[in-house]
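Printed here is input_11.pdb (PDB, C-alpha atoms):
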ATOM      1  CA  MET L 241      14.722 -18.345   7.541
ATOM      2  CA  ASN L 242      15.986 -16.205   4.666
ATOM      3  CA  ARG L 243      13.957 -16.480   1.520
ATOM      4  CA  VAL L 244      15.573 -15.691  -1.800
ATOM      5  CA  VAL L 245      13.475 -13.187  -3.703
ATOM      6  CA  ALA L 246      13.669 -13.091  -7.469
ATOM      7  CA  PRO L 247      14.703  -9.810  -9.069
ATOM      8  CA  ALA L 248      12.001  -7.418 -10.246
ATOM      9  CA  SER L 249      10.315  -8.697 -13.394
ATOM     10  CA  CYS L 250       9.911  -5.287 -15.106
ATOM     11  CA  ARG L 251       7.354  -7.048 -17.341
ATOM     12  CA  ARG L 252       4.455  -5.214 -18.971
ATOM     13  CA  LEU L 253       1.077  -6.173 -17.558
ATOM     14  CA  VAL L 254      -2.019  -7.407 -19.288
ATOM     15  CA  LEU L 255      -5.507  -7.121 -17.802
ATOM     16  CA  ASP L 256      -5.553 -10.803 -16.783
ATOM     17  CA  ASP L 257      -2.420 -10.225 -14.660
ATOM     18  CA  VAL L 258      -4.184  -7.471 -12.712
ATOM     19  CA  LEU L 259      -7.420  -9.417 -12.252
ATOM     20  CA  ASN L 260      -5.643 -12.630 -11.213
ATOM     21  CA  ALA L 261      -3.405 -10.808  -8.718
ATOM     22  CA  ARG L 262      -6.386  -8.981  -7.213
ATOM     23  CA  GLU L 263      -8.273 -12.275  -6.773
ATOM     24  CA  ALA L 264      -5.243 -14.045  -5.290
ATOM     25  CA  ARG L 265      -4.667 -11.183  -2.821
ATOM     26  CA  ALA L 266      -8.365 -11.226  -1.793
ATOM     27  CA  ARG L 267      -8.156 -15.005  -1.202
ATOM     28  CA  ARG L 268      -5.036 -14.568   0.971
ATOM     29  CA  GLN L 269      -6.680 -11.750   2.933
ATOM     30  CA  GLN L 270      -9.797 -13.836   3.537
ATOM     31  CA  ALA L 271      -7.773 -16.905   4.510
ATOM     32  CA  TRP L 272      -5.810 -14.862   7.052
ATOM     33  CA  LEU L 273      -8.996 -13.314   8.471
ATOM     34  CA  CYS L 274     -10.429 -16.808   8.970
ATOM     35  CA  GLN L 275      -7.203 -18.398  10.220
ATOM     36  CA  TYR L 276      -6.216 -15.722  12.746
ATOM     37  CA  GLY L 277      -9.576 -14.118  13.518
ATOM     38  CA  GLN L 278      -8.015 -10.674  13.728
ATOM     39  CA  PRO L 279      -7.580  -7.657  11.445
ATOM     40  CA  VAL L 280      -5.429  -7.843   8.331
ATOM     41  CA  ILE L 281      -3.398  -4.968   6.905
ATOM     42  CA  SER L 282      -2.848  -5.146   3.156
ATOM     43  CA  ALA L 283      -0.285  -2.826   1.568
ATOM     44  CA  THR L 284       0.107  -2.288  -2.161
ATOM     45  CA  LEU L 285       1.460   0.614  -4.188
ATOM     46  CA  VAL L 286      -0.205   3.411  -6.098
ATOM     47  CA  TRP L 287       1.911   2.770  -9.180
ATOM     48  CA  PRO L 288       0.334   3.752 -12.502
ATOM     49  CA  GLY L 289       1.520   2.244 -15.750
ATOM     50  CA  GLU L 290       2.002  -1.110 -17.385
ATOM     51  CA  VAL L 291       5.178  -2.075 -15.477
ATOM     52  CA  LYS L 292       4.697  -2.328 -11.718
ATOM     53  CA  ASP L 293       7.336  -4.755 -10.441
ATOM     54  CA  THR L 294      10.441  -2.570 -10.714
ATOM     55  CA  PRO L 295      13.464  -2.096  -8.452
ATOM     56  CA  LEU L 296      12.116   1.342  -7.461
ATOM     57  CA  ALA L 297       8.664  -0.078  -6.649
ATOM     58  CA  ARG L 298      10.311  -2.692  -4.436
ATOM     59  CA  GLN L 299      12.330   0.019  -2.707
ATOM     60  CA  VAL L 300       9.149   2.038  -2.064
ATOM     61  CA  MET L 301       7.435  -1.081  -0.660
ATOM     62  CA  ALA L 302      10.435  -1.785   1.570
ATOM     63  CA  GLU L 303       9.968   1.685   3.066
ATOM     64  CA  ALA L 304       6.234   1.025   3.509
ATOM     65  CA  LYS L 305       6.937  -2.232   5.323
ATOM     66  CA  GLU L 306       9.482  -0.538   7.586
ATOM     67  CA  ALA L 307       7.124   2.352   8.389
ATOM     68  CA  ILE L 308       4.177   0.018   9.072
ATOM     69  CA  ASN L 309       6.287  -2.227  11.301
ATOM     70  CA  GLN L 310       7.532   0.810  13.231
ATOM     71  CA  ARG L 311       3.967   2.010  13.834
ATOM     72  CA  LEU L 312       2.855  -1.455  14.926
ATOM     73  CA  GLN L 313       5.798  -1.629  17.366
ATOM     74  CA  GLN L 314       5.085   1.881  18.686
ATOM     75  CA  HIS L 315       1.559   0.769  19.583
ATOM     76  CA  ARG L 316       2.822  -2.582  20.894
ATOM     77  CA  TRP L 317       0.396  -4.473  18.703
ATOM     78  CA  ARG L 318       1.200  -8.149  18.304
ATOM     79  CA  ILE L 319       1.809  -9.361  14.751
ATOM     80  CA  ALA L 320       0.621 -12.947  14.257
ATOM     81  CA  ARG L 321       1.962 -13.133  10.724
ATOM     82  CA  GLN L 322       3.615 -10.916   8.154
ATOM     83  CA  GLU L 323       4.361 -11.701   4.531
ATOM     84  CA  ALA L 324       5.531  -9.909   1.392
ATOM     85  CA  ALA L 325       4.983 -10.995  -2.202
ATOM     86  CA  PHE L 326       6.319  -9.744  -5.505
ATOM     87  CA  PRO L 327       3.881 -10.576  -8.284
ATOM     88  CA  VAL L 328       4.257  -8.979 -11.705
ATOM     89  CA  THR L 329       1.500  -6.556 -10.640
ATOM     90  CA  GLY L 330       3.807  -4.991  -8.052
ATOM     91  CA  PRO L 331       4.990  -5.605  -4.520
ATOM     92  CA  GLU L 332       2.431  -6.260  -1.809
ATOM     93  CA  ALA L 333       2.503  -7.146   1.875
ATOM     94  CA  LEU L 334       0.116  -8.472   4.514
ATOM     95  CA  TRP L 335       0.077  -8.359   8.316
ATOM     96  CA  SER L 336      -2.270 -10.059  10.756
ATOM     97  CA  VAL L 337      -2.450  -7.791  13.814
ATOM     98  CA  SER L 338      -4.027  -8.159  17.242
ATOM     99  CA  SER L 339      -5.822  -4.848  17.774
ATOM    100  CA  PRO L 340      -9.198  -3.311  16.903
ATOM    101  CA  ALA L 341      -9.435  -2.738  13.138
ATOM    102  CA  TRP L 342     -10.655   0.854  13.501
ATOM    103  CA  MET L 343      -7.581   1.738  15.593
ATOM    104  CA  ILE L 344      -5.281   0.158  13.029
ATOM    105  CA  LYS L 345      -7.069   2.043  10.230
ATOM    106  CA  HIS L 346      -6.523   5.377  12.028
ATOM    107  CA  VAL L 347      -2.804   4.697  12.330
ATOM    108  CA  MET L 348      -2.476   3.493   8.724
ATOM    109  CA  ALA L 349      -4.435   6.491   7.342
ATOM    110  CA  ASP L 350      -2.117   8.784   9.295
ATOM    111  CA  LEU L 351       0.872   6.998   7.770
ATOM    112  CA  GLU L 352      -0.539   7.358   4.239
ATOM    113  CA  ASP L 353      -1.228  11.054   4.841
ATOM    114  CA  ASN L 354       1.958  12.069   6.625
ATOM    115  CA  HIS L 355       4.885   9.917   5.495
ATOM    116  CA  PRO L 356       6.786  11.470   2.551
ATOM    117  CA  LEU L 357       6.139   8.305   0.492
ATOM    118  CA  GLY L 358       2.687   7.687   1.976
ATOM    119  CA  ARG L 359       0.861   8.973  -1.086
ATOM    120  CA  LEU L 360       2.362   6.077  -3.041
ATOM    121  CA  TRP L 361       1.049   3.504  -0.563
ATOM    122  CA  ASP L 362      -2.410   1.962  -0.521
ATOM    123  CA  ILE L 363      -2.848   0.518   2.965
ATOM    124  CA  ASP L 364      -6.153  -1.278   3.520
ATOM    125  CA  VAL L 365      -7.373  -2.684   6.820
ATOM    126  CA  PHE L 366      -9.836  -5.582   6.969
ATOM    127  CA  CYS L 367     -11.875  -6.566  10.015
ATOM    128  CA  PRO L 368     -12.843 -10.247  10.444
ATOM    129  CA  THR L 369     -16.489  -9.236  10.989
ATOM    130  CA  ALA L 370     -16.963  -5.892   9.178
ATOM    131  CA  GLY L 371     -14.687  -6.402   6.166
ATOM    132  CA  LEU L 372     -12.859  -3.452   4.619
ATOM    133  CA  ILE L 373     -12.617  -0.449   6.943
ATOM    134  CA  LYS L 374     -13.006   2.661   4.821
ATOM    135  CA  ARG L 375     -11.650   6.096   5.675
ATOM    136  CA  SER L 376     -15.208   7.407   5.977
ATOM    137  CA  ALA L 377     -15.868   4.891   8.787
ATOM    138  CA  ILE L 378     -13.158   6.573  10.880
ATOM    139  CA  HIS L 379     -14.162  10.091   9.786
ATOM    140  CA  GLN L 380     -11.089  10.620   7.594
ATOM    141  CA  PRO L 381     -11.271  12.447   4.257
ATOM    142  CA  MET L 382     -10.868  10.600   0.978
ATOM    143  CA  ARG L 383      -7.393  10.526  -0.482
ATOM    144  CA  ARG L 384      -6.550  13.263  -2.962
ATOM    145  CA  CYS L 385      -4.870  12.973  -6.348
ATOM    146  CA  PHE L 386      -1.183  13.731  -6.025
ATOM    147  CA  LEU L 387      -1.339  15.943  -9.120
ATOM    148  CA  CYS L 388      -4.500  18.042  -8.899
ATOM    149  CA  HIS L 389      -5.752  17.331  -5.341
ATOM    150  CA  GLU L 390      -9.222  16.284  -6.525
ATOM    151  CA  PRO L 391     -10.543  12.993  -5.066
ATOM    152  CA  ALA L 392      -8.041  10.352  -6.208
ATOM    153  CA  HIS L 393     -10.684   7.783  -7.160
ATOM    154  CA  VAL L 394     -12.329  10.267  -9.551
ATOM    155  CA  CYS L 395      -9.081  11.062 -11.367
ATOM    156  CA  SER L 396      -8.227   7.382 -11.552
ATOM    157  CA  ARG L 397     -11.603   6.289 -12.946
ATOM    158  CA  MET L 398     -11.732   9.141 -15.450
ATOM    159  CA  ARG L 399      -8.059   8.707 -16.403
ATOM    160  CA  ARG L 400      -7.751  12.440 -15.979
ATOM    161  CA  HIS L 401      -3.931  12.499 -16.071
ATOM    162  CA  ALA L 402      -1.452  11.135 -18.605
ATOM    163  CA  GLN L 403       0.785   8.231 -17.563
ATOM    164  CA  ASP L 404       3.873  10.402 -18.231
ATOM    165  CA  GLU L 405       2.571  13.061 -15.864
ATOM    166  CA  LEU L 406       1.899  10.508 -13.108
ATOM    167  CA  ALA L 407       5.263   8.799 -13.632
ATOM    168  CA  GLN L 408       7.043  12.165 -13.437
ATOM    169  CA  ARG L 409       5.367  12.984 -10.123
ATOM    170  CA  ILE L 410       6.237   9.555  -8.696
ATOM    171  CA  GLU L 411       9.823  10.083  -9.800
ATOM    172  CA  GLU L 412       9.902  13.464  -8.015
ATOM    173  CA  ILE L 413       8.427  12.030  -4.797
ATOM    174  CA  THR L 414      10.837   9.097  -4.707
ATOM    175  CA  TYR L 415      13.874  11.173  -5.720
ATOM    176  CA  ASP L 416      13.169  13.719  -2.980
ATOM    177  CA  TYR L 417      12.833  10.951  -0.409
ATOM    178  CA  PHE L 418      15.697   8.682  -1.377
ATOM    179  CA  SER L 419      18.150  11.532  -2.039
ATOM    180  CA  GLY L 420      18.253  12.225   1.667
ATOM    181  CA  GLN L 421      15.432  14.689   2.124
ATOM    182  CA  ARG L 422      13.606  12.286   4.472
ATOM    183  CA  SER L 423      11.368  14.000   6.959
ATOM    184  CA  VAL L 424       9.239  11.367   8.643
TER
END
What is this file in structure tokens?
Amino acid sequence: MNRVVAPASCRRLVLDDVLNAREARARRQQAWLCQYGQPVISATLVWPGEVKDTPLARQVMAEAKEAINQRLQQHRWRIARQEAAFPVTGPEALWSVSSPAWMIKHVMADLEDNHPLGRLWDIDVFCPTAGLIKRSAIHQPMRRCFLCHEPAHVCSRMRRHAQDELAQRIEEITYDYFSGQRSV
């Protein structure tokens, strides 16, 4: 069944948009955990700024979905359900996968760390019994800021970098990748 997807909204966000989208995504994740009883992968983008649903953001998410699906196929993990959504807060996707959550987290952390666009992806893995599987639980280092290489969560919370600076770096990463310099 082909589903028609509306074009990117390119609308500026307000705080309520972000909070509502986060709550809706958490409800979907929880519903899938209960319905399927197996781990859920949740992919969103690291996309600073007030406009998150753009054609470029959708293109970056399309690459994330392709890369995740390839890894799942490589490991021969069965996908019970997969779904993408395009809220104003940016593209997101979910998978329900039949495999141990810690194994999935290892593979997804590797993808985030080693794919040319991986730094722009936020791939979470949820276990039906343990909840969110953090990188520390699988002995992986925290993600680093793509500008200064300090812990990303610190830079984000402190708003250490200007939006222009972050947008410029995202533009460089995506230009390098989509202009044919792919090295997966």
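Atom to atom, CA of Met348 in chain L and CA of Ile363 in chain L stand 6.5 Å apart.
The neighbours of Asp257 in chain L here are the residues that come within 12 Å of it, using all atoms listed in the file and leaving out any residue fewer than 2 positions away in the same chain; they are Arg251, Arg252, Leu253, Val254, Leu255, Leu259, Asn260, Ala261, Arg262, Glu263, Ala264, Glu290, Val291, Lys292, Asp293, Pro327, Val328, Thr329 and Gly330 of chain L.
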The PyMOL selection byres ((chain L and resi 349) around 10) resolved against shown file, as a VMD selection string: chain L and resid 344 to 348 350 to 354 358 362 to 365 374 to 375 378 380 to 383
Take the residues just selected and output them with C-alpha atoms as a compact mmCIF listing (two decimals), in the frame of the given file.
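The result, written out as out-v7.txt:
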# COMPACT_ATOMS: atom_id res chain seq x y z
CA ILE L 344 -5.28 0.16 13.03
CA LYS L 345 -7.07 2.04 10.23
CA HIS L 346 -6.52 5.38 12.03
CA VAL L 347 -2.80 4.70 12.33
CA MET L 348 -2.48 3.49 8.72
CA ASP L 350 -2.12 8.78 9.30
CA LEU L 351 0.87 7.00 7.77
CA GLU L 352 -0.54 7.36 4.24
CA ASP L 353 -1.23 11.05 4.84
CA ASN L 354 1.96 12.07 6.62
CA GLY L 358 2.69 7.69 1.98
CA ASP L 362 -2.41 1.96 -0.52
CA ILE L 363 -2.85 0.52 2.96
CA ASP L 364 -6.15 -1.28 3.52
CA VAL L 365 -7.37 -2.68 6.82
CA LYS L 374 -13.01 2.66 4.82
CA ARG L 375 -11.65 6.10 5.68
CA ILE L 378 -13.16 6.57 10.88
CA GLN L 380 -11.09 10.62 7.59
CA PRO L 381 -11.27 12.45 4.26
CA MET L 382 -10.87 10.60 0.98
CA ARG L 383 -7.39 10.53 -0.48
Name all residues at most 12 Å from Ala370 in chain L (count only C-alpha atoms; drop same-chain ones fewer than 6 positions away) and give them as a PyMOL selection string. chain L and resi 273+277-280+340-342+377
Interatomic distance, CA of Ala320 in chain L to CA of Ala248 in chain L (Å, one decimal): 27.6 Å
Distance table requested - range 268-378 of chain L against range 402-422 of chain L, cut-off 12 Å, only C-alpha atoms: one row per qualifying residue with the closest atom pair and its distance in Å to one decimal, ordered by chain and rising residue number, as a Markdown table.
| residue | atom | partner | partner_atom | distance |
| --- | --- | --- | --- | --- |
| L:Leu285 | CA | L:Ile410 | CA | 11.1 |
| L:Val286 | CA | L:Ile410 | CA | 9.3 |
| L:Trp287 | CA | L:Ile410 | CA | 8.1 |
| L:Pro288 | CA | L:Gln403 | CA | 6.8 |
| L:Gly289 | CA | L:Gln403 | CA | 6.3 |
| L:Glu290 | CA | L:Gln403 | CA | 9.4 |
| L:Val291 | CA | L:Ala407 | CA | 11.0 |
| L:Lys292 | CA | L:Ala407 | CA | 11.3 |
| L:Leu296 | CA | L:Thr414 | CA | 8.3 |
| L:Ala297 | CA | L:Thr414 | CA | 9.6 |
| L:Arg298 | CA | L:Thr414 | CA | 11.8 |
| L:Gln299 | CA | L:Phe418 | CA | 9.4 |
| L:Val300 | CA | L:Thr414 | CA | 7.7 |
| L:Met301 | CA | L:Thr414 | CA | 11.5 |
| L:Glu303 | CA | L:Phe418 | CA | 10.1 |
| L:Asn354 | CA | L:Arg422 | CA | 11.8 |
| L:His355 | CA | L:Arg422 | CA | 9.1 |
| L:Pro356 | CA | L:Tyr417 | CA | 6.8 |
| L:Leu357 | CA | L:Ile413 | CA | 6.9 |
| L:Gly358 | CA | L:Ile413 | CA | 9.9 |
| L:Arg359 | CA | L:Ile413 | CA | 9.0 |
| L:Leu360 | CA | L:Ile410 | CA | 7.7 |
| L:Trp361 | CA | L:Ile410 | CA | 11.4 |
How far is it from CA of Glu390 in chain L to CA of Phe366 in chain L, in Å with one decimal? 25.7 Å
Show me, as a PDB file with C-alpha atoms, in the coordinates of the input, the residues that have an atom within 10 Å of Ala325 in chain L when counting all atoms listed in the file, minus same-chain residues fewer than 5 positions from it.
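The result, stored in selection.pdb:
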ATOM      1  CA  VAL L 245      13.475 -13.187  -3.703  1.00  0.00           C
ATOM      2  CA  ARG L 265      -4.667 -11.183  -2.821  1.00  0.00           C
ATOM      3  CA  THR L 284       0.107  -2.288  -2.161  1.00  0.00           C
ATOM      4  CA  GLY L 330       3.807  -4.991  -8.052  1.00  0.00           C
ATOM      5  CA  PRO L 331       4.990  -5.605  -4.520  1.00  0.00           C
ATOM      6  CA  GLU L 332       2.431  -6.260  -1.809  1.00  0.00           C
ATOM      7  CA  ALA L 333       2.503  -7.146   1.875  1.00  0.00           C
ATOM      8  CA  LEU L 334       0.116  -8.472   4.514  1.00  0.00           C
TER       9      LEU L 334
END
Using all atoms listed in the file, which of the listed residues (L:Ala246, L:Arg397, L:Ala266, L:Val258) sits closest to Gly371 in chain L? L:Ala266
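With all atoms listed in the file as the basis for measurement, L:Arg321 is the residue among L:Lys305, L:Arg316, L:Arg399, L:Arg321 that approaches Trp272 in chain L most closely.
Applied to the shown file, the PyMOL selection byres ((chain L and resi 312) around 10) selects the residues Glu306, Ala307, Ile308, Asn309, Gln310, Arg311, Gln313, Gln314, His315, Arg316, Trp317, Arg318, Ile319, Trp335, Val337, Ser338, Ser339, Ile344, Val347 and Met348 of chain L.
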